[in-house]
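*Asks:* Sharing work_11.txt (compact mmCIF, C-alpha atoms) below.
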# COMPACT_ATOMS: atom_id res chain seq x y z
CA MET I 1 -80.64 -95.96 43.13
CA GLN I 2 -81.64 -94.43 39.84
CA GLY I 3 -78.93 -92.34 38.20
CA PHE I 4 -79.30 -88.74 37.14
CA THR I 5 -81.33 -88.17 34.00
CA THR I 6 -82.47 -85.10 32.14
CA ARG I 7 -85.60 -87.04 31.15
CA PRO I 8 -87.23 -87.86 34.50
CA GLU I 9 -90.25 -90.12 34.65
CA ILE I 10 -93.55 -88.28 35.01
CA ARG I 11 -96.43 -89.93 36.85
CA GLY I 12 -99.91 -88.79 37.71
CA SER I 13 -103.54 -89.76 38.00
CA PHE I 14 -105.14 -86.82 36.19
CA GLY I 15 -103.10 -86.04 33.11
CA VAL I 16 -99.80 -84.77 31.82
CA ALA I 17 -98.64 -82.12 29.36
CA THR I 18 -95.04 -81.75 28.32
CA SER I 19 -93.18 -79.67 25.75
CA THR I 20 -89.80 -78.05 25.16
CA HIS I 21 -90.73 -74.93 27.19
CA TRP I 22 -92.11 -74.70 30.71
CA ILE I 23 -94.67 -72.03 29.80
CA ALA I 24 -96.14 -74.13 27.00
CA SER I 25 -96.24 -77.18 29.28
CA ALA I 26 -98.04 -75.18 31.96
CA VAL I 27 -100.52 -73.90 29.38
CA GLY I 28 -101.21 -77.44 28.17
CA PHE I 29 -101.88 -78.71 31.67
CA GLY I 30 -104.00 -75.65 32.40
CA ILE I 31 -106.20 -76.52 29.45
CA LEU I 32 -106.69 -80.01 30.89
CA GLU I 33 -107.64 -78.51 34.25
CA ARG I 34 -110.23 -76.32 32.53
CA GLY I 35 -111.92 -79.39 31.10
CA GLY I 36 -110.22 -79.54 27.72
CA ASN I 37 -108.99 -82.79 26.25
CA ALA I 38 -105.53 -83.81 25.05
CA PHE I 39 -106.08 -82.28 21.60
CA ASP I 40 -107.12 -78.92 23.07
CA ALA I 41 -104.00 -79.00 25.23
CA ALA I 42 -101.75 -79.89 22.30
CA VAL I 43 -103.09 -77.02 20.18
CA ALA I 44 -102.84 -74.45 22.96
CA ALA I 45 -99.31 -75.54 23.86
CA GLY I 46 -98.27 -75.60 20.20
CA LEU I 47 -99.48 -72.06 19.60
CA VAL I 48 -97.66 -70.87 22.73
CA LEU I 49 -94.43 -72.55 21.59
CA GLN I 50 -94.61 -70.41 18.46
CA VAL I 51 -94.52 -67.37 20.76
CA VAL I 52 -91.86 -68.43 23.25
CA GLU I 53 -89.58 -70.42 20.91
CA PRO I 54 -89.68 -68.36 17.69
CA HIS I 55 -86.19 -69.54 16.72
CA LEU I 56 -87.58 -73.07 16.31
CA ASN I 57 -91.06 -72.70 14.86
CA GLY I 58 -93.84 -70.35 13.90
CA PRO I 59 -97.39 -70.24 12.53
CA ALA I 60 -96.03 -70.19 8.97
CA GLY I 61 -94.02 -73.35 9.57
CA ASP I 62 -95.11 -76.95 9.24
CA LEU I 63 -96.83 -79.52 11.45
CA PRO I 64 -96.39 -83.25 10.93
CA ALA I 65 -98.36 -84.85 13.77
CA ILE I 66 -99.01 -88.50 14.60
CA PHE I 67 -101.96 -88.90 16.95
CA HIS I 68 -104.13 -91.59 18.45
CA SER I 69 -107.81 -91.05 19.14
CA ALA I 70 -109.08 -92.98 22.14
CA GLN I 71 -112.58 -92.33 20.87
CA SER I 72 -112.10 -93.93 17.45
CA GLY I 73 -109.23 -96.24 18.40
CA LYS I 74 -107.32 -95.15 15.30
CA THR I 75 -103.79 -93.82 14.87
CA ALA I 76 -103.41 -91.32 12.04
CA VAL I 77 -101.25 -88.54 10.63
CA LEU I 78 -102.20 -84.90 10.51
CA ALA I 79 -100.31 -83.76 7.40
CA ALA I 80 -99.81 -80.03 7.79
CA GLN I 81 -96.58 -79.70 5.86
CA GLY I 82 -97.37 -77.16 3.17
CA PRO I 83 -96.02 -78.14 -0.25
CA ALA I 84 -93.85 -76.02 -2.50
CA PRO I 85 -95.66 -73.24 -4.38
CA ALA I 86 -96.79 -73.97 -7.93
CA GLY I 87 -94.17 -71.54 -9.24
CA ALA I 88 -91.27 -73.31 -7.53
CA THR I 89 -90.02 -75.03 -10.65
CA ILE I 90 -86.53 -76.04 -11.69
CA ASP I 91 -86.78 -73.71 -14.69
CA HIS I 92 -87.64 -70.77 -12.44
CA TYR I 93 -84.67 -71.32 -10.15
CA ARG I 94 -82.28 -71.78 -13.04
CA ALA I 95 -83.59 -68.55 -14.57
CA GLN I 96 -82.37 -66.82 -11.40
CA GLY I 97 -78.89 -68.20 -12.07
CA LEU I 98 -79.20 -70.84 -9.35
CA GLU I 99 -78.18 -74.48 -9.37
CA LEU I 100 -79.31 -75.10 -5.77
CA ILE I 101 -82.42 -73.83 -3.99
CA PRO I 102 -81.30 -71.48 -1.20
CA GLY I 103 -81.91 -72.85 2.27
CA SER I 104 -83.11 -69.48 3.55
CA GLY I 105 -85.09 -66.56 2.24
CA LEU I 106 -88.15 -66.32 0.03
CA LEU I 107 -87.22 -68.93 -2.58
CA ALA I 108 -87.17 -71.61 0.13
CA THR I 109 -90.62 -70.65 1.40
CA VAL I 110 -93.34 -73.29 1.21
CA ILE I 111 -97.06 -72.82 1.80
CA PRO I 112 -97.56 -72.12 5.54
CA GLY I 113 -98.95 -75.23 7.20
CA ALA I 114 -98.76 -75.11 10.99
CA PHE I 115 -101.67 -72.80 11.78
CA ASP I 116 -104.16 -74.64 9.59
CA GLY I 117 -102.95 -77.95 11.02
CA TRP I 118 -103.56 -76.85 14.60
CA MET I 119 -106.99 -75.56 13.65
CA LEU I 120 -107.94 -78.80 11.91
CA MET I 121 -106.89 -80.80 14.97
CA LEU I 122 -108.86 -78.47 17.25
CA ARG I 123 -111.97 -78.57 15.07
CA ASP I 124 -112.18 -82.33 14.67
CA HIS I 125 -110.81 -83.62 17.96
CA GLY I 126 -110.93 -80.83 20.55
CA ILE I 127 -113.90 -79.72 22.62
CA LEU I 128 -113.02 -76.18 23.73
CA SER I 129 -113.70 -73.02 21.75
CA LEU I 130 -111.32 -71.20 19.45
CA ALA I 131 -111.05 -68.32 21.92
CA GLN I 132 -110.29 -70.58 24.90
CA VAL I 133 -107.48 -72.38 23.11
CA MET I 134 -105.89 -69.31 21.49
CA GLU I 135 -106.12 -67.11 24.58
CA PRO I 136 -102.78 -68.17 26.16
CA ALA I 137 -100.78 -67.52 22.97
CA ILE I 138 -102.45 -64.11 22.59
CA LEU I 139 -101.67 -63.26 26.21
CA TYR I 140 -97.98 -64.17 26.04
CA ALA I 141 -97.51 -62.42 22.70
CA ARG I 142 -99.32 -59.28 23.89
CA ASP I 143 -98.13 -59.00 27.50
CA GLY I 144 -94.74 -60.62 27.08
CA HIS I 145 -92.73 -63.56 28.36
CA PRO I 146 -89.17 -63.99 29.69
CA VAL I 147 -87.23 -64.66 26.52
CA LEU I 148 -85.00 -67.72 26.61
CA PRO I 149 -81.26 -66.94 26.55
CA ARG I 150 -80.87 -69.11 23.45
CA VAL I 151 -83.60 -67.12 21.68
CA ALA I 152 -81.99 -63.84 22.72
CA HIS I 153 -78.55 -64.96 21.53
CA THR I 154 -79.97 -66.23 18.22
CA ILE I 155 -81.66 -62.90 17.55
CA ALA I 156 -78.56 -60.96 18.62
CA GLY I 157 -76.47 -62.99 16.20
CA LEU I 158 -78.79 -62.00 13.35
CA ALA I 159 -79.46 -58.39 14.40
CA ASP I 160 -77.02 -56.75 12.01
CA TYR I 161 -78.11 -58.99 9.13
CA PHE I 162 -81.77 -58.24 9.82
CA ALA I 163 -81.09 -54.51 9.94
CA ALA I 164 -79.21 -54.56 6.64
CA GLU I 165 -81.20 -57.11 4.65
CA TRP I 166 -84.50 -58.02 6.39
CA PRO I 167 -85.83 -54.78 7.90
CA THR I 168 -89.29 -56.16 8.68
CA SER I 169 -87.69 -58.95 10.71
CA ALA I 170 -85.53 -56.37 12.45
CA ALA I 171 -88.64 -54.39 13.43
CA THR I 172 -90.21 -57.48 14.99
CA TRP I 173 -87.27 -59.06 16.76
CA CYS I 174 -85.16 -55.98 17.54
CA PRO I 175 -87.65 -53.29 18.60
CA ASP I 176 -86.04 -49.86 18.70
CA GLY I 177 -83.00 -51.47 17.10
CA VAL I 178 -82.09 -53.51 20.18
CA ALA I 179 -82.06 -57.30 20.44
CA PRO I 180 -83.89 -58.67 23.51
CA ALA I 181 -81.82 -59.35 26.62
CA PRO I 182 -81.69 -62.93 27.93
CA ASN I 183 -84.59 -63.51 30.34
CA GLY I 184 -85.94 -60.04 29.65
CA MET I 185 -89.61 -59.52 28.82
CA PHE I 186 -90.31 -59.77 25.12
CA ARG I 187 -93.55 -58.95 23.34
CA ASN I 188 -94.84 -59.61 19.85
CA PRO I 189 -97.82 -57.26 19.57
CA ASP I 190 -98.33 -57.82 15.84
CA LEU I 191 -98.76 -61.56 16.36
CA ALA I 192 -101.09 -60.94 19.30
CA ARG I 193 -103.28 -58.64 17.19
CA THR I 194 -103.30 -61.15 14.34
CA TYR I 195 -104.42 -64.00 16.59
CA GLN I 196 -107.01 -61.84 18.33
CA ARG I 197 -108.44 -60.77 14.99
CA LEU I 198 -108.72 -64.42 13.94
CA VAL I 199 -110.64 -65.15 17.15
CA ASP I 200 -112.89 -62.12 16.61
CA LEU I 201 -113.67 -63.15 13.03
CA GLY I 202 -114.40 -66.66 14.22
CA GLU I 203 -116.83 -65.48 16.88
CA ALA I 204 -118.48 -63.13 14.38
CA SER I 205 -119.42 -66.17 12.27
CA GLY I 206 -121.82 -67.44 14.94
CA LYS I 207 -121.88 -69.54 18.10
CA ASP I 208 -121.01 -72.89 16.53
CA ARG I 209 -117.41 -73.81 17.45
CA VAL I 210 -116.77 -75.66 14.18
CA ALA I 211 -117.94 -72.66 12.16
CA GLN I 212 -115.74 -70.36 14.25
CA ILE I 213 -112.65 -72.47 13.65
CA ASP I 214 -113.36 -72.78 9.92
CA ALA I 215 -113.80 -69.01 9.73
CA ALA I 216 -110.36 -68.53 11.30
CA ARG I 217 -108.85 -71.03 8.85
CA LYS I 218 -110.39 -69.18 5.91
CA ALA I 219 -109.20 -65.81 7.22
CA TRP I 220 -105.70 -67.25 7.39
CA ALA I 221 -105.63 -68.84 3.93
CA GLU I 222 -107.87 -66.47 1.96
CA GLY I 223 -108.51 -63.43 4.15
CA PHE I 224 -106.50 -60.72 5.85
CA VAL I 225 -103.51 -62.91 6.76
CA ALA I 226 -103.10 -64.18 3.21
CA GLU I 227 -103.51 -60.64 1.90
CA ALA I 228 -100.78 -59.34 4.24
CA ILE I 229 -98.43 -62.13 3.17
CA THR I 230 -98.99 -61.71 -0.55
CA ASP I 231 -98.96 -57.90 -0.43
CA TYR I 232 -95.52 -58.11 1.14
CA LEU I 233 -94.27 -60.72 -1.30
CA LYS I 234 -95.34 -58.74 -4.37
CA THR I 235 -92.54 -56.23 -3.87
CA ALA I 236 -90.13 -57.96 -1.48
CA LYS I 237 -86.66 -59.06 -2.53
CA VAL I 238 -84.49 -60.35 0.27
CA HIS I 239 -80.93 -61.53 0.59
CA ASP I 240 -80.37 -65.26 1.22
CA VAL I 241 -77.56 -67.81 1.32
CA SER I 242 -77.20 -67.61 -2.46
CA GLU I 243 -75.58 -64.21 -1.76
CA GLN I 244 -78.16 -62.42 -3.90
CA LYS I 245 -81.59 -60.90 -3.39
CA ASN I 246 -84.49 -63.01 -4.61
CA SER I 247 -88.25 -62.65 -4.88
CA ALA I 248 -90.76 -65.21 -3.65
CA VAL I 249 -92.72 -67.67 -5.75
CA LEU I 250 -95.51 -68.08 -3.17
CA THR I 251 -98.83 -66.59 -4.36
CA ALA I 252 -102.35 -65.99 -3.07
CA ALA I 253 -103.55 -68.94 -5.15
CA ASP I 254 -101.08 -71.24 -3.39
CA LEU I 255 -102.39 -70.16 0.00
CA ALA I 256 -106.05 -70.42 -0.96
CA GLN I 257 -105.87 -73.83 -2.58
CA TRP I 258 -104.13 -75.73 0.23
CA ARG I 259 -105.49 -77.10 3.50
CA ALA I 260 -104.09 -79.53 6.04
CA GLN I 261 -105.44 -83.07 5.81
CA TYR I 262 -105.38 -86.49 7.40
CA GLU I 263 -103.69 -89.58 6.06
CA GLU I 264 -102.83 -93.07 7.19
CA THR I 265 -99.56 -93.65 9.00
CA LEU I 266 -96.71 -95.64 7.57
CA SER I 267 -96.06 -98.45 10.06
CA TYR I 268 -93.59 -101.26 10.66
CA GLU I 269 -93.72 -104.29 12.95
CA TYR I 270 -90.60 -104.70 15.07
CA HIS I 271 -90.39 -107.49 17.65
CA GLY I 272 -93.99 -107.20 18.74
CA TRP I 273 -94.19 -103.41 18.51
CA THR I 274 -96.03 -101.46 15.82
CA VAL I 275 -94.16 -98.25 15.08
CA HIS I 276 -96.06 -95.47 13.28
CA LYS I 277 -94.45 -92.67 11.27
CA THR I 278 -95.35 -90.10 8.64
CA ARG I 279 -94.82 -90.80 4.95
CA ALA I 280 -91.96 -89.83 2.66
CA TRP I 281 -92.88 -86.14 2.47
CA SER I 282 -91.00 -86.13 5.80
CA GLN I 283 -87.99 -88.08 7.00
CA GLY I 284 -90.24 -90.20 9.22
CA PRO I 285 -89.71 -93.47 7.32
CA VAL I 286 -85.97 -93.33 8.14
CA LEU I 287 -86.69 -94.75 11.60
CA LEU I 288 -88.77 -97.56 10.12
CA GLN I 289 -86.05 -98.53 7.65
CA SER I 290 -83.45 -98.36 10.42
CA LEU I 291 -85.53 -100.91 12.33
CA ALA I 292 -85.92 -103.02 9.18
CA ILE I 293 -82.13 -103.16 8.87
CA LEU I 294 -81.56 -103.78 12.59
CA LYS I 295 -84.03 -106.66 12.55
CA HIS I 296 -81.23 -108.65 10.92
CA PHE I 297 -79.00 -108.30 14.00
CA ASP I 298 -79.27 -109.83 17.46
CA LEU I 299 -79.28 -106.53 19.33
CA ALA I 300 -80.49 -108.20 22.52
CA ALA I 301 -77.20 -110.07 22.73
CA MET I 302 -75.20 -106.84 22.58
CA ASP I 303 -74.28 -104.52 25.43
CA PRO I 304 -76.50 -101.46 24.87
CA MET I 305 -73.65 -99.28 26.13
CA GLY I 306 -71.02 -101.12 24.12
CA ALA I 307 -69.15 -100.23 20.96
CA LYS I 308 -70.69 -103.02 18.85
CA PHE I 309 -74.25 -101.96 19.62
CA THR I 310 -73.48 -98.29 19.00
CA HIS I 311 -71.63 -99.02 15.77
CA THR I 312 -74.41 -101.26 14.42
CA VAL I 313 -77.21 -98.80 15.16
CA ILE I 314 -75.31 -95.83 13.75
CA GLU I 315 -74.41 -97.64 10.54
CA ALA I 316 -78.01 -98.79 10.06
CA MET I 317 -79.23 -95.22 10.46
CA LYS I 318 -76.58 -93.95 8.01
CA LEU I 319 -77.81 -96.41 5.38
CA ALA I 320 -81.43 -95.40 5.94
CA TYR I 321 -80.53 -91.71 5.68
CA ALA I 322 -78.63 -92.38 2.47
CA ASP I 323 -81.80 -93.87 1.01
CA ARG I 324 -83.71 -90.84 2.23
CA GLU I 325 -81.41 -88.59 0.24
CA ALA I 326 -81.77 -90.77 -2.85
CA TYR I 327 -85.47 -91.58 -2.90
CA TYR I 328 -87.67 -89.42 -0.65
CA GLY I 329 -89.94 -86.68 -1.95
CA ASP I 330 -93.54 -85.53 -2.09
CA PRO I 331 -95.51 -88.71 -2.90
CA ASP I 332 -97.97 -86.58 -4.89
CA HIS I 333 -95.20 -85.67 -7.32
CA SER I 334 -92.55 -88.37 -6.89
CA ALA I 335 -92.44 -92.15 -7.20
CA VAL I 336 -91.08 -93.21 -3.80
CA PRO I 337 -90.34 -96.97 -3.69
CA MET I 338 -91.35 -97.35 -0.03
CA ASP I 339 -92.48 -100.95 -0.49
CA VAL I 340 -88.90 -101.79 -1.50
CA LEU I 341 -87.25 -99.58 1.12
CA LEU I 342 -89.08 -101.38 3.93
CA SER I 343 -88.86 -104.88 2.47
CA ASP I 344 -86.99 -107.69 4.23
CA GLU I 345 -85.08 -108.60 1.07
CA TYR I 346 -83.76 -105.09 0.44
CA ASN I 347 -82.81 -104.46 4.06
CA ALA I 348 -81.08 -107.81 4.40
CA GLY I 349 -78.79 -106.51 1.69
CA ARG I 350 -78.33 -103.21 3.50
CA ALA I 351 -77.59 -105.07 6.76
CA ALA I 352 -74.91 -107.12 4.99
CA LEU I 353 -73.00 -103.87 4.37
CA ILE I 354 -72.51 -103.37 8.11
CA THR I 355 -69.27 -105.03 9.21
CA ASP I 356 -66.83 -104.58 12.07
Would you mind writing the file's structure down as structure tokens?

*Replies:*
Amino acid sequence: MQGFTTRPEIRGSFGVATSTHWIASAVGFGILERGGNAFDAAVAAGLVLQVVEPHLNGPAGDLPAIFHSAQSGKTAVLAAQGPAPAGATIDHYRAQGLELIPGSGLLATVIPGAFDGWMLMLRDHGILSLAQVMEPAILYARDGHPVLPRVAHTIAGLADYFAAEWPTSAATWCPDGVAPAPNGMFRNPDLARTYQRLVDLGEASGKDRVAQIDAARKAWAEGFVAEAITDYLKTAKVHDVSEQKNSAVLTAADLAQWRAQYEETLSYEYHGWTVHKTRAWSQGPVLLQSLAILKHFDLAAMDPMGAKFTHTVIEAMKLAYADREAYYGDPDHSAVPMDVLLSDEYNAGRAALITD
């Protein structure tokens, strides 16, 4: 008899959609039932996750996606991780009296990437319209959804800080000065209006779905969304973990000049399997290097629940993460020695460091 698992096997003959939230999963499967394909479902579910799990992600976040097209037979990366703004220089941060970039606040802000990434995926690989795919996110933002207890507790824990230091965040997440109750209905009308306006602008561009999606992308990066972001940033100074208030370095030019794009995956062959990951602008290659180190051990001879197996895998991952800290960066601006980091010779040396 199979033991209990929190990751049950899912089987079906029509399709499947899964995510970290039941509403987003239901939306994804609903898109499939309406005739959409897997890419339509992914975009719709992703946009809904930004509504129902705001403590984890949002439209101004990032989107590294690895996807396989059954039509083309190719596996590729959708690189929608916005880079640092042009003004995010070491000299600028040091001029603010900083030796480390704060992990929160406006100085840590990169160019928003997630929304443009979803739109690029929808445009090139989906088949449904902009309105059809964005409708569920608009509905749940406008009419509300039962807020997860973890979301409610996260907001409650930040309520006083928001009220004192980030008043615009307080207005969004603590309407009338009150944090949402666990499982209570929560609405984000500003986000709903923003998304609906993007759909309206798209439809105003004509009947062609590609033109509609491109119009929404432009409105985000160069139109009313970009204007709202930059108008706020021109005067905003917010408190962050540096224990001081700082202004942003993100500008309208940063937003206008960047778009999500496609690139080849970074892959590694491991015992007959080809594993695909993103490149060194993410931490994706860590898994590949971990496999390159573990290739030098006879894992099949070890008890997968035993101490030796666990120790070996953990130590391999620690070594790969150490190399991440030392060498990874934006390949457009950094020389990342990935050919060395994934080489048999180098990783044989790393494997030799793992002892009992």

*Asks:* Tell me which of I:Gly15, I:Pro64, I:Pro85, I:Gly284 sits closest to Ala260 of chain I, counting only C-alpha atoms.

*Replies:*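 Of all the options, I:Pro64 lies closest to Ala260 of chain I.
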
*Asks:* Could you give me, as a VMD selection string, the residues that sit within 9 Å of (-109.0, -62.7, 10.8) in the file's coordinates, counting all atoms listed in the file?

*Replies:* chain I and resid 194 to 202 215 to 220 223 to 225

*Asks:* Using only C-alpha atoms, which of I:His333, I:Lys277, I:His311, I:His296 sits nearest Gly349 of chain I?

*Replies:* I:His296

*Asks:* If you measure from atom CA of Tyr140 of chain I to atom CA of Asn188 of chain I, what distance in Å do you get, rounded to one decimal?

*Replies:*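 Atom CA of Tyr140 of chain I sits 8.3 Å away from atom CA of Asn188 of chain I.
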
*Asks:* Which residues, written as JSON, numbers by chain, have at least one atom at most 10 Å from Ala60 of chain I, with all atoms listed in the file counted and residues fewer than 6 positions away on the same chain left out?

*Replies:* {"I": [50, 82, 109, 110, 111, 112, 113, 114, 115, 116]}

*Asks:* Skipping near chain neighbours, those fewer than 3 positions away, what residues fall within 8 Å of Ala316 of chain I using all atoms listed in the file, listed as a list in words?

*Replies:*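 That gives Ser290, Ile293, Leu294, Thr312, Val313, Leu319, Ala320, Arg350, Ala351 and Ile354 of chain I.
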
*Asks:* Show me, as a ChimeraX atom specification, the residues that have an atom within 8 Å of segment 245-247 of chain I when counting all atoms listed in the file, minus same-chain residues fewer than 4 positions from it.

*Replies:* /I:105-107,233,235-240

*Asks:* Convert the current residue selection to file output with C-alpha atoms, as an mmCIF file, keeping the file's coordinate frame.

*Replies:*
data_model
loop_
_atom_site.group_PDB
_atom_site.id
_atom_site.type_symbol
_atom_site.label_atom_id
_atom_site.label_comp_id
_atom_site.auth_asym_id
_atom_site.auth_seq_id
_atom_site.Cartn_x
_atom_site.Cartn_y
_atom_site.Cartn_z
ATOM 1 C CA GLY I 105 -85.090 -66.560 2.240
ATOM 2 C CA LEU I 106 -88.150 -66.320 0.030
ATOM 3 C CA LEU I 107 -87.220 -68.930 -2.580
ATOM 4 C CA LEU I 233 -94.270 -60.720 -1.300
ATOM 5 C CA THR I 235 -92.540 -56.230 -3.870
ATOM 6 C CA ALA I 236 -90.130 -57.960 -1.480
ATOM 7 C CA LYS I 237 -86.660 -59.060 -2.530
ATOM 8 C CA VAL I 238 -84.490 -60.350 0.270
ATOM 9 C CA HIS I 239 -80.930 -61.530 0.590
ATOM 10 C CA ASP I 240 -80.370 -65.260 1.220
#

*Asks:* Please export segment 56-110 of chain I as a PDB file, in the first residue's frame, restricted to C-alpha atoms.

*Replies:*
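File written: part_8.pdb
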ATOM      1  CA  LEU I  56       5.171  35.449  -2.885  1.00  0.00           C
ATOM      2  CA  ASN I  57       4.958  37.216  -6.227  1.00  0.00           C
ATOM      3  CA  GLY I  58       3.471  40.063  -8.195  1.00  0.00           C
ATOM      4  CA  PRO I  59       3.324  41.600 -11.675  1.00  0.00           C
ATOM      5  CA  ALA I  60       6.430  43.679 -10.901  1.00  0.00           C
ATOM      6  CA  GLY I  61       8.406  40.573  -9.972  1.00  0.00           C
ATOM      7  CA  ASP I  62      10.360  38.244 -12.210  1.00  0.00           C
ATOM      8  CA  LEU I  63       9.595  35.188 -14.337  1.00  0.00           C
ATOM      9  CA  PRO I  64      12.247  32.627 -15.224  1.00  0.00           C
ATOM     10  CA  ALA I  65      10.373  29.942 -17.175  1.00  0.00           C
ATOM     11  CA  ILE I  66      11.610  26.769 -18.858  1.00  0.00           C
ATOM     12  CA  PHE I  67       9.121  25.470 -21.399  1.00  0.00           C
ATOM     13  CA  HIS I  68       8.822  22.846 -24.088  1.00  0.00           C
ATOM     14  CA  SER I  69       6.825  23.428 -27.249  1.00  0.00           C
ATOM     15  CA  ALA I  70       5.238  20.275 -28.626  1.00  0.00           C
ATOM     16  CA  GLN I  71       4.723  22.155 -31.872  1.00  0.00           C
ATOM     17  CA  SER I  72       8.382  23.028 -32.439  1.00  0.00           C
ATOM     18  CA  GLY I  73       9.885  20.213 -30.380  1.00  0.00           C
ATOM     19  CA  LYS I  74      12.221  22.677 -28.685  1.00  0.00           C
ATOM     20  CA  THR I  75      12.913  23.378 -25.014  1.00  0.00           C
ATOM     21  CA  ALA I  76      13.763  26.993 -24.254  1.00  0.00           C
ATOM     22  CA  VAL I  77      13.940  29.624 -21.534  1.00  0.00           C
ATOM     23  CA  LEU I  78      11.668  32.610 -21.248  1.00  0.00           C
ATOM     24  CA  ALA I  79      13.974  35.127 -19.566  1.00  0.00           C
ATOM     25  CA  ALA I  80      11.720  37.613 -17.823  1.00  0.00           C
ATOM     26  CA  GLN I  81      14.018  38.556 -14.975  1.00  0.00           C
ATOM     27  CA  GLY I  82      14.374  42.308 -15.276  1.00  0.00           C
ATOM     28  CA  PRO I  83      17.951  43.511 -14.832  1.00  0.00           C
ATOM     29  CA  ALA I  84      19.150  46.183 -12.441  1.00  0.00           C
ATOM     30  CA  PRO I  85      18.421  49.771 -13.494  1.00  0.00           C
ATOM     31  CA  ALA I  86      21.177  51.663 -15.301  1.00  0.00           C
ATOM     32  CA  GLY I  87      21.622  53.897 -12.250  1.00  0.00           C
ATOM     33  CA  ALA I  88      22.247  50.990  -9.875  1.00  0.00           C
ATOM     34  CA  THR I  89      25.994  51.458  -9.718  1.00  0.00           C
ATOM     35  CA  ILE I  90      28.457  50.780  -6.936  1.00  0.00           C
ATOM     36  CA  ASP I  91      29.330  54.480  -6.851  1.00  0.00           C
ATOM     37  CA  HIS I  92      25.678  55.419  -6.366  1.00  0.00           C
ATOM     38  CA  TYR I  93      25.201  53.058  -3.438  1.00  0.00           C
ATOM     39  CA  ARG I  94      28.413  54.146  -1.772  1.00  0.00           C
ATOM     40  CA  ALA I  95      27.323  57.770  -2.165  1.00  0.00           C
ATOM     41  CA  GLN I  96      24.322  56.870   0.003  1.00  0.00           C
ATOM     42  CA  GLY I  97      26.717  55.678   2.705  1.00  0.00           C
ATOM     43  CA  LEU I  98      26.050  52.007   1.944  1.00  0.00           C
ATOM     44  CA  GLU I  99      28.449  49.102   1.704  1.00  0.00           C
ATOM     45  CA  LEU I 100      25.720  46.538   0.963  1.00  0.00           C
ATOM     46  CA  ILE I 101      22.661  46.884  -1.266  1.00  0.00           C
ATOM     47  CA  PRO I 102      19.558  46.703   0.957  1.00  0.00           C
ATOM     48  CA  GLY I 103      17.507  43.569   0.440  1.00  0.00           C
ATOM     49  CA  SER I 104      14.237  45.499   0.604  1.00  0.00           C
ATOM     50  CA  GLY I 105      12.946  48.863  -0.481  1.00  0.00           C
ATOM     51  CA  LEU I 106      13.527  50.958  -3.576  1.00  0.00           C
ATOM     52  CA  LEU I 107      17.285  50.488  -3.944  1.00  0.00           C
ATOM     53  CA  ALA I 108      16.764  46.739  -4.376  1.00  0.00           C
ATOM     54  CA  THR I 109      14.157  47.232  -7.100  1.00  0.00           C
ATOM     55  CA  VAL I 110      14.938  45.806 -10.529  1.00  0.00           C
TER      56      VAL I 110
END
